[in-house]
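S.K.: Have a look at the structure that comes next, please.
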Amino acid sequence: MNIEEQSVVEVELDSLNSAGSPRLSGESPEHVHVLAAAQSPLPPIVVHRATMKVIDGFHRVKAARLRGAETIEARFFDGDEAEAFVLAVRLNVRHGLPLALADRKRAAERIIASHPQWSDRRVATVTGVSPGTVGDIRKRTVPGRTPESRRVGQDGRVRPLDGSAGRMLAGELLAANPGLSLRQVARAAGISPETARDVRNRLHNGDDLVPRQCRRKTPAVLVAAREDFTEELLARRPELVAQGPSQRSGRSRTDIAPDRAMLVKRLKADPALRFTETGRNLLRLLALHTLRKEEWDAIINNVPPHCTDIVADLARQFADLWSEFAVRIKDDVAQIG
C-alpha cells in the first residue's frame with residue numbers, strides 16, 4: 001500500500017491518539033517550535049484509521065496545536081497495528097527528524113517480535129540499522145526460540161534460512177530423476193537454478209551437496225528444514241515424489257537395482273550421516289563398493305596369481321562382516337521399533 005496515493009482529509013486534533021511513537025524520548029520541543037513558526041502549511045500526517053493513532057507526524061500535530069489549529073490534514077492507513085508500527089518506523093527513518101539509533105534498535109526488536117518471519121535484511125531496511133545488528137538483536141531477544149527454516153526477504157519472496165535443506169532435497173530429486181531440468185529442481189526445492197546446477201555437479205562428482213562454508217546449522221535443524229521442504233514439495237509437485245524412481249525415469253526396476261553409486265550418493269546427502277564421524281566412516285566404506293562391473297572385472301583380472309588366495313580369503317571375511325553388519329542393523333531397528 002502506497003500511503004502517498006491515499007486521499008487527504010481534514011481530521012480534528014482532539015480525535016487523534018498520540019500513543020505508540022517509535023521515539024523513546026518523545027518529540028523534540030525545538031523541532032516542534034521550528035515547524036510552528038514556519039509560514040508554510042504542514043504536510044499531511046498519517047493516521048491509523050482503526051485506532052486513530054498517529055503513525056507519522058507527531059511533531060506536526062504538536063506544531064498545529066501551537067498554531068491554534070483545531071484540525072490537520074491527514075491520510076489514513078487501514079492495516080493492523082503491527083503493520084502501522086512498521087510504517088511509522090519506515091516513514092520516520094526516511095524523512096523529517098530522523099530516529100535516534102536507540103529508537104531504531106528498539107523498533108527493530110519490536111518488528112522482530114511481530115514479524116519473526118522477516119529476514120534480517122528486510123528488518124534492517126525498515127529500521128535503518130545494519131543486517132548484522134538486526135541479527136544480534138534477534139539472538140538476544142529470542143535466545144531459546146527454534147529458528148525458522150525460511151524467511152521473507154525484501155522482495156516478498158520466501159527463502160530458506162539455510163540453503164542446506166534445499167540442496168539436499170535437490171540432490172534427492174536429481175538422483176531419482178536425472179532428466180529433471182534445473183529450473184524444475186530449483187522451483188521444487190526452493191533454491192536458485194544456479195544452486196541446482198552446483199548440486200547436480202556435486203552429485204555427479206560424488207562431493208558433499210552442501211559446501212563446508214554453508215554448514216551453519218546443527219543436523220537436527222537441517223533435518224527439520226528438509227522435512228519442511230519435502231512437505232511443501234508434496235503439496236506443490238506430487239508427481240515428482242509420488243512415483244517410484246523407475247516410473248519417473250522410464251527405466252526398469254532391474255536397471256536401477258544395481259545402481260549402488262546412486263544410492264550411496266543419496267546417503268551422502270543425509271545430514272545424519274555426513275555430520276557425524278561414524279556416519280562419514282560408513283559412507284567411506286560404502287563408497288569403496290560403488291565401482292562399475294567393468295572396473296571390478298579389471299581388478300579381478302589384474303590380481304597377481306601369488307596373491308589370489310589371500311585376496312579371496314579377505315574378500316570372504318569382509319563379505320561375512322558385511323552380512324553380520326546387515327543383520328545387526330536390521331535387528332537394532334526392530335528392537336527400537
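Simple scheme: letters A, B, ... for chains in C-alpha cells order, numbers from 1 for residues in each chain, numbers from 1 for ligands in the order shown.
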For the helix (DSSP H, G or I) assignment from backbone DSSP, which residues of region 30-200 of chain A qualify? Please present them as number ranges by chain.
M.R.: A: 30-37, 58-66, 81-94, 101-114, 120-127, 131-141, 164-176, 182-189, 193-200
S.K.: Would you mind exporting C-alpha atoms of the selected residues as a PDB file, in the first residue's frame?
M.R.:
```pdb
ATOM      1  CA  GLU A  30      12.912  22.558  19.323  1.00  0.00           C
ATOM      2  CA  HIS A  31      11.677  20.811  16.185  1.00  0.00           C
ATOM      3  CA  VAL A  32       8.045  21.439  17.168  1.00  0.00           C
ATOM      4  CA  HIS A  33       8.719  25.192  17.553  1.00  0.00           C
ATOM      5  CA  VAL A  34      10.522  25.327  14.208  1.00  0.00           C
ATOM      6  CA  LEU A  35       7.502  23.752  12.490  1.00  0.00           C
ATOM      7  CA  ALA A  36       5.044  26.002  14.332  1.00  0.00           C
ATOM      8  CA  ALA A  37       6.942  29.146  13.375  1.00  0.00           C
ATOM      9  CA  PHE A  58       3.799  13.639  15.931  1.00  0.00           C
ATOM     10  CA  HIS A  59       5.802  16.877  15.675  1.00  0.00           C
ATOM     11  CA  ARG A  60       3.340  18.331  13.173  1.00  0.00           C
ATOM     12  CA  VAL A  61       0.394  17.599  15.484  1.00  0.00           C
ATOM     13  CA  LYS A  62       2.042  19.497  18.334  1.00  0.00           C
ATOM     14  CA  ALA A  63       3.027  22.309  15.979  1.00  0.00           C
ATOM     15  CA  ALA A  64      -0.587  22.583  14.783  1.00  0.00           C
ATOM     16  CA  ARG A  65      -1.742  22.905  18.380  1.00  0.00           C
ATOM     17  CA  LEU A  66       0.804  25.692  18.981  1.00  0.00           C
ATOM     18  CA  GLU A  81      -1.392  -2.229  14.445  1.00  0.00           C
ATOM     19  CA  ALA A  82       1.784  -4.226  13.758  1.00  0.00           C
ATOM     20  CA  GLU A  83       1.789  -3.019  10.149  1.00  0.00           C
ATOM     21  CA  ALA A  84       1.067   0.520  11.354  1.00  0.00           C
ATOM     22  CA  PHE A  85       4.169   0.444  13.567  1.00  0.00           C
ATOM     23  CA  VAL A  86       6.331  -0.806  10.696  1.00  0.00           C
ATOM     24  CA  LEU A  87       5.044   2.059   8.546  1.00  0.00           C
ATOM     25  CA  ALA A  88       5.709   4.536  11.374  1.00  0.00           C
ATOM     26  CA  VAL A  89       9.318   3.426  11.618  1.00  0.00           C
ATOM     27  CA  ARG A  90       9.839   3.390   7.858  1.00  0.00           C
ATOM     28  CA  LEU A  91       8.454   6.922   7.432  1.00  0.00           C
ATOM     29  CA  ASN A  92      10.307   8.377  10.426  1.00  0.00           C
ATOM     30  CA  VAL A  93      13.606   6.890   9.258  1.00  0.00           C
ATOM     31  CA  ARG A  94      13.299   8.348   5.767  1.00  0.00           C
ATOM     32  CA  LEU A 101      19.979   4.908  16.914  1.00  0.00           C
ATOM     33  CA  ALA A 102      18.430   3.703  20.185  1.00  0.00           C
ATOM     34  CA  ASP A 103      14.963   4.298  18.713  1.00  0.00           C
ATOM     35  CA  ARG A 104      15.830   2.318  15.583  1.00  0.00           C
ATOM     36  CA  LYS A 105      17.246  -0.603  17.574  1.00  0.00           C
ATOM     37  CA  ARG A 106      14.173  -0.707  19.797  1.00  0.00           C
ATOM     38  CA  ALA A 107      11.984  -0.579  16.686  1.00  0.00           C
ATOM     39  CA  ALA A 108      13.940  -3.497  15.194  1.00  0.00           C
ATOM     40  CA  GLU A 109      13.355  -5.506  18.365  1.00  0.00           C
ATOM     41  CA  ARG A 110       9.626  -4.845  18.198  1.00  0.00           C
ATOM     42  CA  ILE A 111       9.390  -5.694  14.484  1.00  0.00           C
ATOM     43  CA  ILE A 112      11.318  -8.944  15.019  1.00  0.00           C
ATOM     44  CA  ALA A 113       8.716  -9.880  17.639  1.00  0.00           C
ATOM     45  CA  SER A 114       5.750  -9.015  15.408  1.00  0.00           C
ATOM     46  CA  ASP A 120      17.369  -9.582   8.901  1.00  0.00           C
ATOM     47  CA  ARG A 121      17.934  -7.540   5.748  1.00  0.00           C
ATOM     48  CA  ARG A 122      14.244  -6.700   5.430  1.00  0.00           C
ATOM     49  CA  VAL A 123      14.035  -5.529   9.053  1.00  0.00           C
ATOM     50  CA  ALA A 124      17.248  -3.552   8.541  1.00  0.00           C
ATOM     51  CA  THR A 125      15.805  -1.770   5.517  1.00  0.00           C
ATOM     52  CA  VAL A 126      12.780  -0.636   7.538  1.00  0.00           C
ATOM     53  CA  THR A 127      14.664   0.451  10.661  1.00  0.00           C
ATOM     54  CA  PRO A 131      21.500  -6.533   8.980  1.00  0.00           C
ATOM     55  CA  GLY A 132      24.228  -7.672  11.378  1.00  0.00           C
ATOM     56  CA  THR A 133      22.779  -5.514  14.139  1.00  0.00           C
ATOM     57  CA  VAL A 134      19.331  -6.965  13.449  1.00  0.00           C
ATOM     58  CA  GLY A 135      20.795 -10.471  13.690  1.00  0.00           C
ATOM     59  CA  ASP A 136      22.392  -9.650  17.057  1.00  0.00           C
ATOM     60  CA  ILE A 137      19.091  -8.238  18.318  1.00  0.00           C
ATOM     61  CA  ARG A 138      17.257 -11.366  17.162  1.00  0.00           C
ATOM     62  CA  LYS A 139      19.685 -13.639  19.012  1.00  0.00           C
ATOM     63  CA  ARG A 140      19.450 -11.543  22.165  1.00  0.00           C
ATOM     64  CA  THR A 141      15.671 -11.147  22.254  1.00  0.00           C
ATOM     65  CA  SER A 164      21.395 -26.906   3.069  1.00  0.00           C
ATOM     66  CA  ALA A 165      17.889 -28.365   3.210  1.00  0.00           C
ATOM     67  CA  GLY A 166      17.094 -27.194  -0.302  1.00  0.00           C
ATOM     68  CA  ARG A 167      20.385 -28.602  -1.596  1.00  0.00           C
ATOM     69  CA  MET A 168      19.694 -31.979  -0.016  1.00  0.00           C
ATOM     70  CA  LEU A 169      16.199 -32.143  -1.464  1.00  0.00           C
ATOM     71  CA  ALA A 170      17.534 -31.114  -4.886  1.00  0.00           C
ATOM     72  CA  GLY A 171      20.102 -33.918  -4.633  1.00  0.00           C
ATOM     73  CA  GLU A 172      17.361 -36.452  -3.936  1.00  0.00           C
ATOM     74  CA  LEU A 173      15.293 -35.247  -6.883  1.00  0.00           C
ATOM     75  CA  LEU A 174      18.244 -35.297  -9.275  1.00  0.00           C
ATOM     76  CA  ALA A 175      19.406 -38.721  -8.095  1.00  0.00           C
ATOM     77  CA  ALA A 176      15.920 -40.166  -8.536  1.00  0.00           C
ATOM     78  CA  LEU A 182      17.443 -27.333 -13.321  1.00  0.00           C
ATOM     79  CA  ARG A 183      14.501 -24.924 -13.247  1.00  0.00           C
ATOM     80  CA  GLN A 184      12.134 -27.702 -12.146  1.00  0.00           C
ATOM     81  CA  VAL A 185      14.503 -28.800  -9.394  1.00  0.00           C
ATOM     82  CA  ALA A 186      15.107 -25.215  -8.257  1.00  0.00           C
ATOM     83  CA  ARG A 187      11.390 -24.451  -8.063  1.00  0.00           C
ATOM     84  CA  ALA A 188      10.577 -27.670  -6.190  1.00  0.00           C
ATOM     85  CA  ALA A 189      13.458 -27.368  -3.701  1.00  0.00           C
ATOM     86  CA  PRO A 193      18.721 -22.623 -10.729  1.00  0.00           C
ATOM     87  CA  GLU A 194      22.428 -21.862 -10.288  1.00  0.00           C
ATOM     88  CA  THR A 195      22.415 -23.636  -6.906  1.00  0.00           C
ATOM     89  CA  ALA A 196      20.606 -26.559  -8.541  1.00  0.00           C
ATOM     90  CA  ARG A 197      23.369 -26.654 -11.157  1.00  0.00           C
ATOM     91  CA  ASP A 198      26.020 -26.769  -8.415  1.00  0.00           C
ATOM     92  CA  VAL A 199      24.138 -29.594  -6.676  1.00  0.00           C
ATOM     93  CA  ARG A 200      23.977 -31.551  -9.947  1.00  0.00           C
TER      94      ARG A 200
END
```
S.K.: Give me the residues within 8 Å of Gln6 (chain A) as a list of chain:residue names, counting only C-alpha atoms and dropping any in the same chain fewer than 3 places off.
M.R.: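 Once the adjacent positions are removed, what remains is A:Asn2, A:Ile3, A:Arg75, A:Phe76.
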S.K.: Can I get the selected residues back with N, CA, C and O atoms, as a short mmCIF file (atom, residue, chain, number, x, y, z; two decimals), in the first residue's frame?
M.R.:
```
data_model
loop_
_atom_site.label_atom_id
_atom_site.label_comp_id
_atom_site.auth_asym_id
_atom_site.auth_seq_id
_atom_site.Cartn_x
_atom_site.Cartn_y
_atom_site.Cartn_z
N ASN A 2 0.73 2.10 -1.03
CA ASN A 2 1.47 3.35 -1.11
C ASN A 2 0.66 4.43 -0.42
O ASN A 2 -0.38 4.86 -0.92
N ILE A 3 1.14 4.88 0.75
CA ILE A 3 0.37 5.84 1.54
C ILE A 3 0.22 7.17 0.81
O ILE A 3 -0.74 7.91 1.03
N ARG A 75 -3.70 11.50 6.03
CA ARG A 75 -4.00 10.34 5.18
C ARG A 75 -4.21 9.15 6.11
O ARG A 75 -3.49 8.98 7.09
N PHE A 76 -5.18 8.29 5.77
CA PHE A 76 -5.49 7.15 6.62
C PHE A 76 -4.79 5.89 6.13
O PHE A 76 -4.65 5.65 4.92
#
```
S.K.: Distance CA of Ala100 (chain A)-CA of Ile45 (chain A), one decimal place?
M.R.: 20.3 Å
S.K.: Excluding same-chain residues fewer than 3 positions from Glu70 (chain A), what lies within 10 Å of it counting only C-alpha atoms, as a list in words?
M.R.: Glu10, Val11, Glu12, Leu13, Asp14, Ala64, Arg65 and Arg67 of chain A
S.K.: Okay, now the selection with C-alpha atoms, as a tab-separated table (two decimals), in the first residue's frame?
M.R.:
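The resulting file, result_17.tsv, is shown below:
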```
chain	number	residue	atom	x	y	z
A	10	GLU	CA	-9.19	17.05	7.48
A	11	VAL	CA	-9.26	15.42	10.94
A	12	GLU	CA	-9.82	17.03	14.34
A	13	LEU	CA	-6.73	17.23	16.53
A	14	ASP	CA	-8.74	16.15	19.56
A	64	ALA	CA	-0.59	22.58	14.78
A	65	ARG	CA	-1.74	22.91	18.38
A	67	ARG	CA	-0.57	27.47	15.93
```
